file structure-v8.txt (compact mmCIF, C-alpha atoms)
# COMPACT_ATOMS: atom_id res chain seq x y z
CA MET K 1 20.58 19.63 12.87
CA PHE K 2 18.13 19.67 9.95
CA GLN K 3 17.28 22.75 7.94
CA LEU K 4 14.66 22.98 5.21
CA THR K 5 14.74 26.27 3.32
CA ASN K 6 12.07 27.72 1.06
CA ALA K 7 10.59 24.34 0.12
CA CYS K 8 8.10 24.50 -2.75
CA LYS K 9 6.34 21.56 -4.36
CA LYS K 10 3.63 21.28 -7.00
CA PHE K 11 1.82 18.24 -8.39
CA GLY K 12 0.65 19.40 -11.82
CA GLN K 13 -1.10 22.70 -11.19
CA THR K 14 -1.76 21.93 -7.52
CA VAL K 15 0.53 23.74 -5.13
CA VAL K 16 1.25 21.40 -2.22
CA LEU K 17 4.07 23.21 -0.42
CA GLN K 18 4.69 26.97 -0.49
CA ALA K 19 7.96 28.37 0.80
CA VAL K 20 8.19 26.13 3.84
CA ASN K 21 11.09 26.82 6.19
CA LEU K 22 11.73 24.39 8.99
CA ARG K 23 14.59 23.94 11.41
CA ILE K 24 14.73 20.84 13.55
CA GLU K 25 16.93 20.71 16.60
CA ALA K 26 18.74 17.54 17.62
CA ASN K 27 17.17 15.17 20.14
CA SER K 28 13.68 16.58 19.89
CA ILE K 29 10.30 15.29 18.76
CA VAL K 30 8.50 17.55 16.31
CA GLY K 31 4.86 16.88 15.48
CA LEU K 32 3.57 17.77 12.01
CA ALA K 33 -0.16 18.42 12.17
CA GLY K 34 -2.71 19.45 9.57
CA LEU K 35 -5.87 18.36 7.90
CA SER K 36 -5.87 15.85 5.07
CA GLY K 37 -4.34 17.49 2.01
CA SER K 38 -2.49 20.13 4.06
CA GLY K 39 0.82 18.80 2.73
CA LYS K 40 2.31 17.16 5.83
CA SER K 41 3.04 13.79 4.20
CA THR K 42 4.48 15.48 1.10
CA LEU K 43 6.62 17.70 3.32
CA MET K 44 8.05 14.67 5.10
CA ARG K 45 8.61 12.82 1.83
CA CYS K 46 10.49 15.85 0.48
CA MET K 47 12.53 16.08 3.68
CA GLN K 48 13.47 12.40 3.32
CA GLY K 49 14.23 12.81 -0.39
CA LEU K 50 11.46 10.54 -1.63
CA GLU K 51 10.01 13.46 -3.60
CA PRO K 52 12.22 16.05 -5.30
CA LEU K 53 11.60 19.67 -4.32
CA ASP K 54 10.66 22.10 -7.10
CA GLN K 55 12.43 24.87 -5.19
CA GLY K 56 14.35 25.12 -1.96
CA HIS K 57 16.85 22.83 -0.38
CA VAL K 58 17.52 20.49 2.51
CA ASP K 59 20.59 20.89 4.67
CA PHE K 60 21.20 17.73 6.68
CA LYS K 61 24.28 15.66 7.29
CA GLY K 62 23.37 12.39 8.91
CA GLN K 63 21.42 9.20 8.53
CA SER K 64 17.66 9.54 8.27
CA GLY K 65 15.02 6.83 8.44
CA PHE K 66 11.38 6.74 7.36
CA MET K 67 8.44 4.83 8.80
CA PHE K 68 5.63 4.50 6.29
CA GLN K 69 1.98 4.83 7.17
CA ASP K 70 1.35 1.40 5.66
CA PHE K 71 4.62 -0.03 7.04
CA GLN K 72 5.90 -1.37 3.70
CA LEU K 73 7.56 -4.39 5.25
CA PHE K 74 8.98 -6.81 2.70
CA PRO K 75 6.31 -9.55 2.66
CA HIS K 76 8.55 -12.35 1.40
CA MET K 77 11.03 -11.90 4.24
CA THR K 78 10.62 -12.87 7.88
CA VAL K 79 10.64 -10.20 10.57
CA LEU K 80 14.31 -10.90 11.30
CA GLN K 81 15.22 -10.80 7.59
CA ASN K 82 13.37 -7.48 7.25
CA LEU K 83 15.55 -6.10 10.03
CA ILE K 84 18.95 -7.38 8.99
CA TYR K 85 18.63 -7.23 5.18
CA ALA K 86 19.74 -3.62 4.60
CA PRO K 87 22.35 -3.44 7.39
CA THR K 88 23.95 -6.64 6.03
CA LEU K 89 24.17 -5.12 2.55
CA HIS K 90 25.96 -2.08 3.92
CA GLU K 91 28.13 -3.79 6.52
CA PRO K 92 28.49 -7.42 5.36
CA LEU K 93 31.29 -8.24 7.78
CA ILE K 94 29.20 -7.48 10.87
CA ASN K 95 26.71 -10.00 12.24
CA HIS K 96 23.53 -7.96 12.66
CA ARG K 97 21.44 -10.87 13.88
CA GLU K 98 22.17 -10.37 17.56
CA ALA K 99 21.44 -6.63 17.44
CA ALA K 100 18.17 -7.33 15.60
CA LEU K 101 17.11 -9.98 18.12
CA ASN K 102 17.93 -7.61 21.01
CA LEU K 103 15.88 -4.89 19.38
CA LEU K 104 12.96 -7.26 18.80
CA ASN K 105 13.21 -8.31 22.42
CA THR K 106 13.07 -4.68 23.53
CA LEU K 107 10.01 -4.14 21.36
CA GLY K 108 8.30 -7.27 22.70
CA LEU K 109 8.57 -9.13 19.41
CA ALA K 110 11.16 -11.75 20.28
CA LYS K 111 8.76 -14.58 19.48
CA LYS K 112 7.93 -13.12 16.09
CA ALA K 113 11.47 -13.12 14.68
CA GLU K 114 10.72 -15.95 12.25
CA ALA K 115 7.16 -14.83 11.44
CA TYR K 116 6.18 -13.28 8.11
CA PRO K 117 4.51 -9.84 8.01
CA ILE K 118 1.17 -11.44 7.05
CA GLU K 119 1.17 -13.17 10.44
CA LEU K 120 1.44 -9.92 12.44
CA SER K 121 -1.19 -7.55 13.81
CA GLY K 122 -1.20 -3.85 12.85
CA GLY K 123 0.60 -2.85 16.06
CA GLN K 124 3.22 -5.55 15.60
CA LYS K 125 3.86 -4.48 12.01
CA GLN K 126 4.27 -0.93 13.27
CA ARG K 127 6.91 -2.06 15.75
CA VAL K 128 8.72 -4.13 13.12
CA ALA K 129 8.74 -1.12 10.80
CA LEU K 130 10.19 0.96 13.62
CA ALA K 131 12.79 -1.70 14.38
CA ARG K 132 13.76 -1.94 10.70
CA SER K 133 14.33 1.82 10.59
CA LEU K 134 16.33 1.74 13.84
CA MET K 135 18.61 -0.99 12.51
CA MET K 136 20.02 1.62 10.11
CA LYS K 137 21.05 3.71 13.16
CA PRO K 138 19.30 6.91 12.05
CA THR K 139 19.91 10.20 13.80
CA LEU K 140 16.63 11.53 12.38
CA LEU K 141 13.49 9.46 11.95
CA PHE K 142 10.41 10.50 9.99
CA CYS K 143 7.17 8.78 11.00
CA ASP K 144 4.19 9.15 8.69
CA GLU K 145 0.89 8.71 10.57
CA PRO K 146 2.24 6.11 13.01
CA THR K 147 -1.12 5.77 14.77
CA SER K 148 -3.25 5.40 11.67
CA GLY K 149 -5.61 2.45 11.97
CA LEU K 150 -4.50 1.55 15.50
CA ASP K 151 -6.76 1.30 18.55
CA ARG K 152 -6.27 3.55 21.63
CA ALA K 153 -4.36 0.94 23.64
CA THR K 154 -1.94 0.33 20.76
CA ILE K 155 -1.52 4.09 20.26
CA GLU K 156 -0.41 4.31 23.92
CA ASP K 157 2.17 1.59 23.21
CA VAL K 158 3.40 3.44 20.12
CA SER K 159 3.73 6.66 22.15
CA SER K 160 5.84 4.90 24.78
CA LEU K 161 7.97 3.26 22.10
CA LEU K 162 8.65 6.51 20.27
CA LYS K 163 9.59 8.21 23.54
CA ALA K 164 11.99 5.33 24.21
CA VAL K 165 13.44 5.82 20.73
CA LYS K 166 14.05 9.48 21.52
CA GLU K 167 15.94 8.39 24.63
CA MET K 168 18.23 6.45 22.28
CA GLY K 169 19.24 9.83 20.83
CA VAL K 170 17.05 9.74 17.73
CA THR K 171 15.41 12.99 16.65
CA MET K 172 11.90 12.46 15.30
CA VAL K 173 9.45 14.21 13.02
CA ILE K 174 5.99 12.69 13.34
CA ALA K 175 3.18 13.53 10.94
CA SER K 176 -0.25 12.86 12.37
CA HIS K 177 -3.73 14.29 12.33
CA ASP K 178 -4.23 12.90 15.86
CA LEU K 179 -3.65 16.00 18.02
CA GLU K 180 -4.08 14.13 21.29
CA PHE K 181 -1.29 11.76 20.31
CA LEU K 182 0.95 14.60 19.16
CA THR K 183 0.50 16.63 22.35
CA LYS K 184 1.45 13.56 24.39
CA ILE K 185 4.61 12.84 22.48
CA ALA K 186 5.90 15.98 20.77
CA GLU K 187 7.68 18.94 22.30
CA ARG K 188 6.93 21.15 19.35
CA VAL K 189 4.07 21.08 16.86
CA VAL K 190 4.16 22.54 13.37
CA MET K 191 0.75 22.85 11.79
CA LEU K 192 0.47 23.09 8.04
CA LYS K 193 -2.33 24.87 6.25
CA LYS K 194 -2.60 24.79 2.47
CA GLY K 195 1.07 23.88 2.19
CA GLN K 196 2.31 26.64 4.46
CA VAL K 197 3.42 26.66 8.08
CA ALA K 198 0.45 28.17 9.91
CA VAL K 199 1.45 27.33 13.49
CA ASP K 200 4.85 26.52 14.96
CA VAL K 201 4.77 26.29 18.74
CA GLN K 202 6.61 24.77 21.69
CA LEU K 203 3.94 22.89 23.62
CA ALA K 204 5.56 23.67 26.98
CA ASN K 205 4.44 27.28 26.53
CA PHE K 206 0.77 26.29 26.82
CA SER K 207 -1.17 25.17 29.87
CA SER K 208 -3.51 23.24 27.59
CA PRO K 209 -1.72 22.61 24.29
CA LEU K 210 -4.42 20.24 23.05
CA ALA K 211 -7.12 22.90 23.43
CA TYR K 212 -4.94 25.44 21.62
CA LEU K 213 -4.19 23.10 18.72
CA LYS K 214 -7.83 22.06 18.45
CA GLU K 215 -8.73 25.73 18.24
CA GLN K 216 -6.27 26.13 15.35
CA TYR K 217 -7.69 23.00 13.71
CA GLN K 218 -11.22 24.29 14.12
CA GLY K 219 -10.34 27.58 12.44
CA GLU K 220 -8.77 25.65 9.58
CA GLU K 221 -11.79 23.35 9.19
CA ASP K 222 -14.13 26.36 9.13
CA GLU K 223 -12.03 27.99 6.41
CA THR K 224 -12.01 24.74 4.41
CA ILE K 225 -15.79 24.49 4.65
CA ASN K 226 -16.24 28.13 3.68
CA MET X 1 4.17 -50.07 -28.04
CA ASN X 2 6.80 -49.62 -30.71
CA ALA X 3 5.04 -46.46 -31.91
CA VAL X 4 5.16 -45.00 -28.40
CA ILE X 5 8.94 -45.49 -28.27
CA VAL X 6 9.54 -44.18 -31.80
CA ILE X 7 7.52 -41.03 -31.22
CA GLY X 8 8.98 -40.66 -27.70
CA LYS X 9 12.42 -40.17 -29.20
CA GLY X 10 11.24 -36.69 -30.17
CA LEU X 11 10.69 -35.89 -26.51
CA VAL X 12 14.34 -34.95 -26.08
CA LEU X 13 14.21 -32.20 -28.68
CA THR X 14 10.84 -30.96 -27.39
CA LEU X 15 12.21 -30.69 -23.85
CA GLU X 16 15.46 -29.07 -25.00
CA LEU X 17 13.49 -26.45 -26.87
CA LEU X 18 11.17 -25.88 -23.92
CA ILE X 19 13.88 -25.60 -21.27
CA GLY X 20 16.14 -23.46 -23.47
CA GLY X 21 13.26 -21.22 -24.56
CA VAL X 22 11.95 -20.72 -21.01
CA PHE X 23 15.46 -20.02 -19.70
CA ILE X 24 16.18 -17.35 -22.30
CA GLY X 25 12.63 -16.02 -22.18
CA LEU X 26 12.61 -15.58 -18.40
CA ILE X 27 15.98 -13.86 -18.22
CA LEU X 28 15.39 -11.57 -21.20
CA GLY X 29 11.79 -10.94 -20.14
CA ALA X 30 12.98 -9.73 -16.73
CA VAL X 31 15.68 -7.60 -18.37
CA TRP X 32 13.17 -6.01 -20.78
CA ALA X 33 10.73 -5.31 -17.94
CA ILE X 34 13.37 -3.74 -15.67
CA CYS X 35 14.81 -1.64 -18.52
CA ARG X 36 11.34 -0.46 -19.49
CA TYR X 37 10.53 0.44 -15.86
CA GLN X 38 13.75 2.43 -15.62
CA SER X 39 13.25 3.94 -19.09
CA ILE X 40 16.43 2.42 -20.49
CA GLY X 41 16.03 1.82 -24.22
CA LYS X 42 12.26 1.82 -23.73
CA PRO X 43 11.22 2.65 -27.35
CA ILE X 44 13.46 -0.08 -28.79
CA ILE X 45 12.25 -2.68 -26.28
CA ASN X 46 8.62 -1.68 -26.86
CA GLN X 47 9.11 -2.12 -30.62
CA PHE X 48 10.81 -5.48 -30.15
CA ILE X 49 7.97 -6.73 -27.93
CA SER X 50 5.38 -5.43 -30.38
CA LEU X 51 7.07 -7.22 -33.29
CA MET X 52 7.46 -10.48 -31.37
CA ARG X 53 3.81 -10.48 -30.36
CA GLY X 54 2.56 -9.13 -33.66
CA THR X 55 4.05 -11.66 -36.09
CA PRO X 56 3.50 -15.43 -36.33
CA LEU X 57 6.00 -17.58 -34.47
CA ILE X 58 6.37 -19.84 -37.51
CA LEU X 59 7.50 -16.80 -39.52
CA GLN X 60 10.03 -15.82 -36.83
CA LEU X 61 11.36 -19.37 -36.72
CA SER X 62 11.73 -19.53 -40.52
CA LEU X 63 13.43 -16.13 -40.60
CA VAL X 64 15.96 -17.11 -37.95
CA TYR X 65 16.71 -20.51 -39.45
CA PHE X 66 16.70 -19.68 -43.16
CA SER X 67 17.79 -16.02 -43.14
CA ALA X 68 20.51 -16.03 -40.48
CA PRO X 69 23.05 -17.67 -42.85
CA LEU X 70 22.27 -15.09 -45.56
CA LEU X 71 22.07 -11.98 -43.41
CA LEU X 72 24.59 -12.71 -40.66
CA GLY X 73 26.66 -15.49 -42.14
CA LEU X 74 25.69 -17.70 -39.21
CA HIS X 75 24.65 -21.27 -39.79
CA LEU X 76 22.43 -22.16 -36.86
CA SER X 77 21.51 -25.73 -36.05
CA ILE X 78 17.81 -26.57 -35.84
CA LEU X 79 18.08 -26.82 -32.06
CA LEU X 80 19.88 -23.48 -31.68
CA ALA X 81 17.54 -21.70 -34.09
CA GLY X 82 14.59 -23.12 -32.19
CA ILE X 83 15.87 -22.20 -28.72
CA LEU X 84 16.79 -18.70 -29.91
CA THR X 85 13.45 -18.09 -31.60
CA PHE X 86 11.32 -19.54 -28.81
CA GLY X 87 13.44 -17.72 -26.22
CA LEU X 88 13.15 -14.33 -27.94
CA ASN X 89 9.45 -14.81 -28.62
CA SER X 90 8.59 -15.88 -25.08
CA SER X 91 10.75 -13.06 -23.65
CA ALA X 92 8.20 -10.63 -25.10
CA TYR X 93 5.35 -12.38 -23.29
CA PHE X 94 7.35 -12.81 -20.08
CA ALA X 95 8.25 -9.10 -20.23
CA GLU X 96 4.54 -8.24 -20.25
CA ILE X 97 3.91 -10.59 -17.31
CA PHE X 98 6.79 -9.01 -15.38
CA ARG X 99 5.51 -5.52 -16.26
CA ALA X 100 2.06 -6.32 -14.86
CA GLY X 101 3.66 -7.79 -11.73
CA ILE X 102 5.90 -4.77 -11.17
CA GLU X 103 3.06 -2.31 -11.73
CA ASN X 104 0.86 -4.19 -9.26
CA LEU X 105 3.43 -3.92 -6.48
CA PRO X 106 2.89 -0.99 -4.12
CA LYS X 107 5.18 1.95 -4.95
CA GLY X 108 6.04 1.93 -1.26
CA GLN X 109 8.15 -1.20 -1.73
CA PHE X 110 10.51 0.77 -3.96
CA GLU X 111 10.43 3.69 -1.51
CA ALA X 112 11.04 1.49 1.53
CA ALA X 113 14.10 0.08 -0.23
CA ALA X 114 15.22 3.62 -1.09
CA THR X 115 14.98 4.76 2.53
CA LEU X 116 17.11 1.76 3.50
CA HIS X 117 19.64 2.73 0.78
CA VAL X 118 19.30 -0.61 -1.03
CA PRO X 119 21.30 -0.44 -4.29
CA SER X 120 19.37 -0.93 -7.54
CA TYR X 121 20.75 -4.40 -8.32
CA TYR X 122 19.73 -5.75 -4.89
CA LEU X 123 16.40 -3.92 -5.03
CA TRP X 124 15.45 -5.93 -8.13
CA LYS X 125 17.12 -9.18 -7.15
CA ASP X 126 16.04 -9.44 -3.51
CA ILE X 127 12.93 -7.28 -3.14
CA ILE X 128 11.00 -6.70 -6.36
CA LEU X 129 11.56 -9.79 -8.55
CA PRO X 130 10.88 -12.39 -5.81
CA GLN X 131 7.52 -10.74 -5.16
CA VAL X 132 6.74 -10.44 -8.87
CA LEU X 133 7.66 -14.09 -9.48
CA LYS X 134 5.43 -15.15 -6.61
CA ASN X 135 2.48 -12.99 -7.64
CA MET X 136 2.70 -13.71 -11.35
CA PHE X 137 3.58 -17.39 -11.08
CA PRO X 138 0.28 -18.72 -12.49
CA ALA X 139 0.63 -16.48 -15.56
CA MET X 140 4.18 -17.71 -16.04
CA VAL X 141 3.08 -21.35 -15.86
CA ASN X 142 0.54 -20.54 -18.58
CA GLU X 143 3.29 -19.08 -20.76
CA VAL X 144 5.45 -22.19 -20.25
CA ILE X 145 2.51 -24.40 -21.30
CA SER X 146 1.91 -22.24 -24.39
CA LEU X 147 5.58 -22.48 -25.27
CA LEU X 148 5.55 -26.26 -24.90
CA LYS X 149 2.76 -26.53 -27.48
CA GLU X 150 4.48 -24.04 -29.78
CA THR X 151 7.67 -26.11 -29.84
CA ALA X 152 5.77 -28.36 -32.29
CA LEU X 153 6.52 -25.68 -34.91
CA ILE X 154 10.13 -26.89 -34.97
CA SER X 155 8.87 -29.64 -37.30
CA THR X 156 8.44 -26.95 -40.01
CA ILE X 157 12.23 -26.53 -40.23
CA GLY X 158 12.92 -30.23 -39.99
CA GLY X 159 13.31 -30.75 -36.25
CA MET X 160 12.51 -34.32 -35.20
CA ASP X 161 10.37 -33.53 -32.18
CA LEU X 162 7.29 -35.38 -30.90
CA MET X 163 5.08 -33.93 -33.61
CA ARG X 164 7.44 -34.58 -36.50
CA ASN X 165 8.08 -38.14 -35.31
CA ALA X 166 4.35 -38.79 -35.17
CA GLN X 167 3.88 -37.41 -38.70
CA SER X 168 6.78 -39.51 -40.02
CA LEU X 169 5.40 -42.65 -38.45
CA GLY X 170 1.96 -41.86 -39.84
CA ALA X 171 3.43 -41.43 -43.33
CA GLU X 172 5.25 -44.75 -43.04
CA GLN X 173 2.21 -46.67 -41.83
CA PHE X 174 -0.36 -44.82 -43.98
CA THR X 175 -2.41 -44.11 -40.88
CA TYR X 176 -2.11 -40.90 -38.87
CA PHE X 177 -4.73 -41.40 -36.21
CA MET X 178 -2.78 -43.49 -33.70
CA PRO X 179 0.61 -41.70 -34.04
CA LEU X 180 -1.08 -38.31 -33.60
CA CYS X 181 -3.01 -39.59 -30.58
CA ILE X 182 0.26 -40.81 -29.05
CA ALA X 183 1.95 -37.43 -29.68
CA GLY X 184 -1.11 -35.73 -28.16
CA ALA X 185 -0.84 -37.97 -25.10
CA TYR X 186 2.83 -37.01 -24.69
CA TYR X 187 2.02 -33.28 -24.88
CA TYR X 188 -0.91 -33.64 -22.49
CA ALA X 189 1.19 -35.60 -20.00
CA LEU X 190 3.87 -32.89 -20.14
CA VAL X 191 1.26 -30.17 -19.57
CA LEU X 192 -0.12 -32.05 -16.57
CA MET X 193 3.41 -32.39 -15.18
CA ILE X 194 4.08 -28.67 -15.60
CA GLU X 195 0.77 -27.84 -13.91
CA THR X 196 1.50 -30.18 -10.98
CA LEU X 197 5.02 -28.86 -10.61
CA GLY X 198 3.65 -25.30 -10.73
CA ARG X 199 1.14 -26.03 -7.99
CA GLN X 200 3.84 -27.62 -5.82
CA ILE X 201 6.08 -24.59 -6.22
CA GLU X 202 3.19 -22.25 -5.43
CA LYS X 203 2.41 -24.20 -2.25
CA ARG X 204 5.97 -23.77 -1.11
CA GLY X 205 5.41 -20.00 -0.91
CA HIS X 206 5.52 -18.92 2.72
CA TYR X 207 3.25 -15.91 2.51
CA VAL X 208 -0.23 -15.70 1.07
CA SER X 209 -0.29 -12.49 -0.92
CA THR X 210 1.90 -9.44 -1.18
CA HIS X 211 -0.96 -7.02 -0.84
CA GLU X 212 -2.68 -8.63 2.11
CA CYS X 213 0.21 -7.96 4.41
CA LEU X 214 0.93 -4.37 3.45

call {"tool": "encode", "arguments": {"input": "structure-v8.txt", "output": "structure tokens"}}
result
Amino acid sequence: MFQLTNACKKFGQTVVLQAVNLRIEANSIVGLAGLSGSGKSTLMRCMQGLEPLDQGHVDFKGQSGFMFQDFQLFPHMTVLQNLIYAPTLHEPLINHREAALNLLNTLGLAKKAEAYPIELSGGQKQRVALARSLMMKPTLLFCDEPTSGLDRATIEDVSSLLKAVKEMGVTMVIASHDLEFLTKIAERVVMLKKGQVAVDVQLANFSSPLAYLKEQYQGEEDETIN
Amino acid sequence: MNAVIVIGKGLVLTLELLIGGVFIGLILGAVWAICRYQSIGKPIINQFISLMRGTPLILQLSLVYFSAPLLLGLHLSILLAGILTFGLNSSAYFAEIFRAGIENLPKGQFEAAATLHVPSYYLWKDIILPQVLKNMFPAMVNEVISLLKETALISTIGGMDLMRNAQSLGAEQFTYFMPLCIAGAYYYALVLMIETLGRQIEKRGHYVSTHECL
């Protein structure tokens, strides 16, 4: 479905991605793990096309969406306007209002349709950002640190929501340093280390995937310290 | 009372210059800022802004009014020369205000629009400029107030504005104190009106601050 080949990226003299190859199968959830600075956010940004690759190429034919760590909702628009703005630009003859209200209802935000982003909690903003991405009917959705800054209860909600999104037929790539969250939601985890793929495993192959990933993390932290 | 009416006749020209200058200044200022951000003609725009900010407005006004017929064969009326000069001059200041506003917006707003495939025209019109206008509104009100006071320079090329009317009346009556005080009262009243209007418009904003909600 999505193929990234030999992706290389530098910022100045700093090498951020080194010959990364990644194939993502349709209707799966792939977790991108790694310590801060390992290159996971840059990798996702390159996959989405927000950053140009220095080398390598992306092979993907379809609609992709991106959920930002800090949501990036449009603050001067209401929740409903945030959702219908882009779809209306692309398909002006279709009334997107009903679809947006249904989606908000599904996400438990029906009462917030006319609210502005400033009036929402972190978890609500997260759901609006998800809804805004889903309004574009993506087949592949990139989520950058979707649990960042959220409490445990809200993280559980986000996990359930993302699983529900997968049921809608959306393939997801989720970057997170939260291994517990990733093992709950992802079927496969790719761990980056110094801009390279260090681990790429199907979690079903492990009796305790969290322990395995933590072990990999630990080894990486030790190397970073040394 | 008669003096108030006589001087007040200059209010029309003052307001025409202000409205025309702000209109041109805002539009061109936004255009300069967007072009600079997208690196379209950036060196030329930078030079234009530098010249506009680096030379006296009275010199620019005299050049446009007295030199346009010689250089371009255009005979501009006092009103047109004034609106053009004040518009071009304020566009340089508005461009800097817009630049600061654009640079203060999170880069993610541009990226969010890109991931939603928002075309460039709509990105600026619907997403970036409304936020910049909201965030930079107080600075823009300041620029409008400055421009209002600078319109008094139109008297140097013969425009019968508030200031020129006050000077004429003073010359007729051999006393300048009262006419100048009346002109000053007109300007001050206008400034207070602009400030009040600005505050009302600001209050109409539905969200508190761009950065608080991101």

call {"tool": "interface_residues", "arguments": {"input": "structure-v8.txt", "of": "chain K", "to": "chain X", "cutoff": "12 Å", "atoms": "only C-alpha atoms", "output": "VMD selection string"}}
result
chain K and resid 45 47 to 51 63 to 78 81 to 90 114 to 122 124 to 126 129 132 to 138 141 to 142

call {"tool": "write_last_selection", "arguments": {"input": "structure-v8.txt", "atoms": "C-alpha atoms", "output": "mmCIF file, in the frame of the given file"}}
result
data_model
loop_
_atom_site.group_PDB
_atom_site.id
_atom_site.type_symbol
_atom_site.label_atom_id
_atom_site.label_comp_id
_atom_site.auth_asym_id
_atom_site.auth_seq_id
_atom_site.Cartn_x
_atom_site.Cartn_y
_atom_site.Cartn_z
ATOM 1 C CA ARG K 45 8.610 12.820 1.830
ATOM 2 C CA MET K 47 12.530 16.080 3.680
ATOM 3 C CA GLN K 48 13.470 12.400 3.320
ATOM 4 C CA GLY K 49 14.230 12.810 -0.390
ATOM 5 C CA LEU K 50 11.460 10.540 -1.630
ATOM 6 C CA GLU K 51 10.010 13.460 -3.600
ATOM 7 C CA GLN K 63 21.420 9.200 8.530
ATOM 8 C CA SER K 64 17.660 9.540 8.270
ATOM 9 C CA GLY K 65 15.020 6.830 8.440
ATOM 10 C CA PHE K 66 11.380 6.740 7.360
ATOM 11 C CA MET K 67 8.440 4.830 8.800
ATOM 12 C CA PHE K 68 5.630 4.500 6.290
ATOM 13 C CA GLN K 69 1.980 4.830 7.170
ATOM 14 C CA ASP K 70 1.350 1.400 5.660
ATOM 15 C CA PHE K 71 4.620 -0.030 7.040
ATOM 16 C CA GLN K 72 5.900 -1.370 3.700
ATOM 17 C CA LEU K 73 7.560 -4.390 5.250
ATOM 18 C CA PHE K 74 8.980 -6.810 2.700
ATOM 19 C CA PRO K 75 6.310 -9.550 2.660
ATOM 20 C CA HIS K 76 8.550 -12.350 1.400
ATOM 21 C CA MET K 77 11.030 -11.900 4.240
ATOM 22 C CA THR K 78 10.620 -12.870 7.880
ATOM 23 C CA GLN K 81 15.220 -10.800 7.590
ATOM 24 C CA ASN K 82 13.370 -7.480 7.250
ATOM 25 C CA LEU K 83 15.550 -6.100 10.030
ATOM 26 C CA ILE K 84 18.950 -7.380 8.990
ATOM 27 C CA TYR K 85 18.630 -7.230 5.180
ATOM 28 C CA ALA K 86 19.740 -3.620 4.600
ATOM 29 C CA PRO K 87 22.350 -3.440 7.390
ATOM 30 C CA THR K 88 23.950 -6.640 6.030
ATOM 31 C CA LEU K 89 24.170 -5.120 2.550
ATOM 32 C CA HIS K 90 25.960 -2.080 3.920
ATOM 33 C CA GLU K 114 10.720 -15.950 12.250
ATOM 34 C CA ALA K 115 7.160 -14.830 11.440
ATOM 35 C CA TYR K 116 6.180 -13.280 8.110
ATOM 36 C CA PRO K 117 4.510 -9.840 8.010
ATOM 37 C CA ILE K 118 1.170 -11.440 7.050
ATOM 38 C CA GLU K 119 1.170 -13.170 10.440
ATOM 39 C CA LEU K 120 1.440 -9.920 12.440
ATOM 40 C CA SER K 121 -1.190 -7.550 13.810
ATOM 41 C CA GLY K 122 -1.200 -3.850 12.850
ATOM 42 C CA GLN K 124 3.220 -5.550 15.600
ATOM 43 C CA LYS K 125 3.860 -4.480 12.010
ATOM 44 C CA GLN K 126 4.270 -0.930 13.270
ATOM 45 C CA ALA K 129 8.740 -1.120 10.800
ATOM 46 C CA ARG K 132 13.760 -1.940 10.700
ATOM 47 C CA SER K 133 14.330 1.820 10.590
ATOM 48 C CA LEU K 134 16.330 1.740 13.840
ATOM 49 C CA MET K 135 18.610 -0.990 12.510
ATOM 50 C CA MET K 136 20.020 1.620 10.110
ATOM 51 C CA LYS K 137 21.050 3.710 13.160
ATOM 52 C CA PRO K 138 19.300 6.910 12.050
ATOM 53 C CA LEU K 141 13.490 9.460 11.950
ATOM 54 C CA PHE K 142 10.410 10.500 9.990
#

call {"tool": "atom_distance", "arguments": {"input": "structure-v8.txt", "atom1": "atom CA of X:Lys42", "atom2": "atom CA of X:Ser62"}}
result
27.2 Å

call {"tool": "closest_residue", "arguments": {"input": "structure-v8.txt", "among": "K:Ile29, K:Leu43, K:Leu210, K:Leu17", "to": "K:Ser159", "atoms": "only C-alpha atoms"}}
result
K:Ile29

call {"tool": "atom_distance", "arguments": {"input": "structure-v8.txt", "atom1": "atom CA of X:Met140", "atom2": "atom CA of X:Phe23"}}
result
12.1 Å

call {"tool": "closest_residue", "arguments": {"input": "structure-v8.txt", "among": "K:Val128, K:Gly39, K:Ile94, K:Ser28", "to": "K:Ile185", "atoms": "only C-alpha atoms"}}
result
K:Ser28

call {"tool": "atom_distance", "arguments": {"input": "structure-v8.txt", "atom1": "atom CA of X:Gly29", "atom2": "atom CA of X:Ala189"}}
result
26.8 Å

call {"tool": "residues_around", "arguments": {"input": "structure-v8.txt", "residues": "X:Ile83", "least_positions_apart": "4", "cutoff": "8 Å", "atoms": "only C-alpha atoms", "output": "PyMOL selection string"}}
result
chain X and resi 16-18+20-21+79+87

call {"tool": "residues_around", "arguments": {"input": "structure-v8.txt", "residues": "K:Val20", "least_positions_apart": "6", "cutoff": "9 Å", "atoms": "all atoms listed in the file", "output": "ChimeraX atom specification"}}
result
/K:4-8,43,56,195-197

call {"tool": "residues_around", "arguments": {"input": "structure-v8.txt", "residues": "X:Val6", "least_positions_apart": "6", "cutoff": "9 Å", "atoms": "all atoms listed in the file", "output": "list in words"}}
result
Asn165, Ala166 and Leu169 of chain X

call {"tool": "residues_near_point", "arguments": {"input": "structure-v8.txt", "point": "(7.9, -22.7, -21.1)", "cutoff": "8 Å", "atoms": "all atoms listed in the file", "output": "list in words"}}
result
Leu18, Ile19, Gly21, Val22, Ser90, Val141, Glu143, Val144, Ile145, Ser146, Leu147 and Leu148 of chain X

call {"tool": "closest_residue", "arguments": {"input": "structure-v8.txt", "among": "K:Leu109, K:Val58, K:Pro52, K:Tyr217", "to": "K:Ala198", "atoms": "only C-alpha atoms"}}
result
K:Tyr217

call {"tool": "residues_around", "arguments": {"input": "structure-v8.txt", "residues": "K:Arg23", "least_positions_apart": "4", "cutoff": "8 Å", "atoms": "only C-alpha atoms", "output": "compact mmCIF listing (two decimals) with C-alpha atoms, in the coordinates of the input"}}
result
# COMPACT_ATOMS: atom_id res chain seq x y z
CA MET K 1 20.58 19.63 12.87
CA PHE K 2 18.13 19.67 9.95
CA GLN K 3 17.28 22.75 7.94
CA LEU K 4 14.66 22.98 5.21
